[in-house]
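Below you'll find the structure, written out as structure tokens, and then a few comments.
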Amino acid sequence: MKNLILTIMAIFSFSNIDAQESIYDLAINDISGNLIDLNEFKGKHILFVNVASECGFTSQYAGLEELHQQYKNDLIVIGLPCNQFGGQEPGAEKEIQQFCTKNFGVSFLMTEKIDVKGKMKHPIYNWLTNKNVNGKSSSSVKWNFQKYIVDGKGDFVNYFFSTTKPMSPKITSLLKQ
């Protein structure tokens with residue numbers, strides 16, 4: 001009986017993963033608790049970045065804002081606060097929002113605080129990091145400010161580690177295609 005239950009659970013889990021074919025099927029709350037429907041961004045690239053206010057890479061908020069301003073007609077930048085790496089995002093959403101606005105003039109989308117790895121990983125990061133779901137590549141989030149880009153058709157394009165700056169040609173060249 002135990003094996004039957006485990007088999008049924010495995011089939012159910014596999015079915016759920018395969019059913020998540022498009023990034024546009026997903027949603028998340030913004031930093032104020034309002035629903036962000038990714039379907040609204042069809043036709044634009046989306047850059048997902050797990051962010052943290054007390055990280056050595058926190059200055060990348062400025063580069064993300066510059067990227068957002070320069071490419072806002074073709075790109076949606078989404079910052080996703082996460083406290084899973086060195087406890088470097090300990091604040092609540094309101095504190096995070098105030099910090100980002102005051103210190104970096106952030107005007108791009110910021111979401112609720114989420115997990116990007118482990119059992120509580122947000123479905124967006126399941127899609128971004130799982131080849132069986134995104135159809136292209138599997139990865140794991142190594143640290144804060146790791147970047148994932150999806151094209152205007154909702155196809156996974158690539159990911160970049162924290163050391164890749166937001167205005168890097170590795171990223172900006174993808175936006176000119």
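Scheme for the structure tokens: letters A, B, ... for chains in order shown; per-chain residue numbers from 1; ligand numbers from 1 in order shown.
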field: Residues of stretch 52-129 of chain A in helix (DSSP H, G or I), written as an MDAnalysis selection string
entry: chainID A and resid 60:71 93:104 123:129
Backbone DSSP call of strand (DSSP E) for stretch 46-159 of chain A, listed as a PDB file with C-alpha atoms, in the first residue's frame:
```pdb
ATOM      1  CA  ILE A  46      11.474  39.395 -18.400  1.00  0.00           C
ATOM      2  CA  LEU A  47      14.567  39.488 -16.179  1.00  0.00           C
ATOM      3  CA  PHE A  48      14.055  37.750 -12.834  1.00  0.00           C
ATOM      4  CA  VAL A  49      16.618  38.558 -10.126  1.00  0.00           C
ATOM      5  CA  ASN A  50      16.666  37.256  -6.559  1.00  0.00           C
ATOM      6  CA  VAL A  51      17.683  40.293  -4.529  1.00  0.00           C
ATOM      7  CA  LEU A  75      12.003  44.457 -20.816  1.00  0.00           C
ATOM      8  CA  ILE A  76      10.347  43.887 -17.467  1.00  0.00           C
ATOM      9  CA  VAL A  77      12.789  43.704 -14.555  1.00  0.00           C
ATOM     10  CA  ILE A  78      11.441  41.812 -11.553  1.00  0.00           C
ATOM     11  CA  GLY A  79      13.335  41.814  -8.250  1.00  0.00           C
ATOM     12  CA  LEU A  80      12.406  38.922  -5.975  1.00  0.00           C
ATOM     13  CA  PRO A  81      13.616  39.424  -2.380  1.00  0.00           C
ATOM     14  CA  LEU A 109       8.759  45.580 -10.084  1.00  0.00           C
ATOM     15  CA  MET A 110       9.583  44.107  -6.715  1.00  0.00           C
ATOM     16  CA  LYS A 147      19.651  36.614 -13.087  1.00  0.00           C
ATOM     17  CA  TYR A 148      17.251  34.639 -15.320  1.00  0.00           C
ATOM     18  CA  ILE A 149      15.938  35.938 -18.616  1.00  0.00           C
ATOM     19  CA  VAL A 150      12.869  34.908 -20.577  1.00  0.00           C
ATOM     20  CA  PHE A 156      13.679  30.538 -21.267  1.00  0.00           C
ATOM     21  CA  VAL A 157      16.814  32.185 -22.690  1.00  0.00           C
ATOM     22  CA  ASN A 158      19.635  31.953 -20.148  1.00  0.00           C
ATOM     23  CA  TYR A 159      20.787  32.660 -16.618  1.00  0.00           C
TER      24      TYR A 159
END
```
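Between A:His45 and the residues A:Lys136, A:Lys102, A:Lys94, A:Lys153, the shortest atom-to-atom distance, using only C-alpha atoms, involves A:Lys153.
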Within 7 Å of A:Leu26, counting only C-alpha atoms, which residues show up once you throw out same-chain ones fewer than 6 positions away? Write them as a short mmCIF file (atom, residue, chain, number, x, y, z; two decimals) with C-alpha atoms, in the first residue's frame, please.
```cif
data_model
loop_
_atom_site.label_atom_id
_atom_site.label_comp_id
_atom_site.auth_asym_id
_atom_site.auth_seq_id
_atom_site.Cartn_x
_atom_site.Cartn_y
_atom_site.Cartn_z
CA ASP A 37 0.06 38.19 -13.65
CA LEU A 38 3.08 37.34 -15.80
CA ILE A 124 8.47 30.78 -10.77
#
```
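Between atom CA of A:Asn73 and atom CA of A:Thr172 the interatomic distance comes to 13.3 Å.
Checking A:Ile28, A:Ile23, A:Cys55, A:Ala62 one by one against A:Lys42, counting only C-alpha atoms, you find the shortest gap at A:Ile23.
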field: Contacts of A:Gly87 at 10 Å (only C-alpha atoms; same-chain gap of 3+ positions) as a PyMOL selection string
entry: chain A and resi 52-55+82-84+90-91
Excluding same-chain residues fewer than 3 positions from A:Asn130, what lies within 12 Å of it counting only C-alpha atoms, as a PDB file with C-alpha atoms, in the first residue's frame?
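File produced: result09.pdb:
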```pdb
ATOM      1  CA  ILE A  17       5.408  19.855 -13.314  1.00  0.00           C
ATOM      2  CA  ASP A  18       4.577  19.032 -16.923  1.00  0.00           C
ATOM      3  CA  GLN A  20       3.386  24.162 -16.037  1.00  0.00           C
ATOM      4  CA  GLU A  21       4.426  24.667 -19.657  1.00  0.00           C
ATOM      5  CA  ILE A  23       5.966  31.116 -17.544  1.00  0.00           C
ATOM      6  CA  VAL A 116      14.308  30.367  -4.683  1.00  0.00           C
ATOM      7  CA  LYS A 117      15.477  26.902  -3.634  1.00  0.00           C
ATOM      8  CA  LYS A 121      10.772  27.188  -3.739  1.00  0.00           C
ATOM      9  CA  PRO A 123       6.775  28.063  -8.691  1.00  0.00           C
ATOM     10  CA  ILE A 124       8.473  30.777 -10.771  1.00  0.00           C
ATOM     11  CA  TYR A 125      11.854  29.467  -9.651  1.00  0.00           C
ATOM     12  CA  ASN A 126      10.744  25.897 -10.241  1.00  0.00           C
ATOM     13  CA  TRP A 127      10.073  26.954 -13.835  1.00  0.00           C
ATOM     14  CA  VAL A 133       9.486  22.677 -17.104  1.00  0.00           C
ATOM     15  CA  ASN A 134      11.281  25.458 -19.024  1.00  0.00           C
ATOM     16  CA  GLY A 135      12.390  23.171 -21.847  1.00  0.00           C
ATOM     17  CA  LYS A 136      15.965  24.439 -22.034  1.00  0.00           C
ATOM     18  CA  SER A 137      18.152  24.304 -18.944  1.00  0.00           C
ATOM     19  CA  SER A 138      18.361  23.218 -15.321  1.00  0.00           C
ATOM     20  CA  SER A 139      20.278  25.240 -12.758  1.00  0.00           C
ATOM     21  CA  SER A 140      20.401  26.050  -9.104  1.00  0.00           C
ATOM     22  CA  VAL A 141      20.462  29.504  -7.608  1.00  0.00           C
ATOM     23  CA  PHE A 156      13.679  30.538 -21.267  1.00  0.00           C
TER      24      PHE A 156
END
```
query: Using only C-alpha atoms, which residues sit within 9 Å of A:Phe104 once same-chain residues fewer than 4 positions away are excluded, as a VMD selection string?
result: chain A and resid 59 61 to 62 65 99 to 100
For the selection just defined, write its residues with C-alpha atoms to a file, as an mmCIF file, in the first residue's frame.
```
data_model
loop_
_atom_site.group_PDB
_atom_site.id
_atom_site.type_symbol
_atom_site.label_atom_id
_atom_site.label_comp_id
_atom_site.auth_asym_id
_atom_site.auth_seq_id
_atom_site.Cartn_x
_atom_site.Cartn_y
_atom_site.Cartn_z
ATOM 1 C CA SER A 59 24.818 47.864 -5.443
ATOM 2 C CA TYR A 61 20.108 47.545 -7.695
ATOM 3 C CA ALA A 62 21.466 50.665 -9.439
ATOM 4 C CA GLU A 65 17.283 50.317 -12.382
ATOM 5 C CA PHE A 99 15.428 50.626 1.339
ATOM 6 C CA CYS A 100 15.338 50.098 -2.436
#
```
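Residue nearest A:Ala27, chosen from A:Lys44, A:His122, A:Lys72, A:Lys131 and counting only C-alpha atoms: A:His122.
As for atom CA of A:Phe160 and atom CA of A:Asn34, they are spaced 27.9 Å apart.
With atom CA of A:Asn39 on one side and atom CA of A:Gly154 on the other, the separation reads 9.1 Å.
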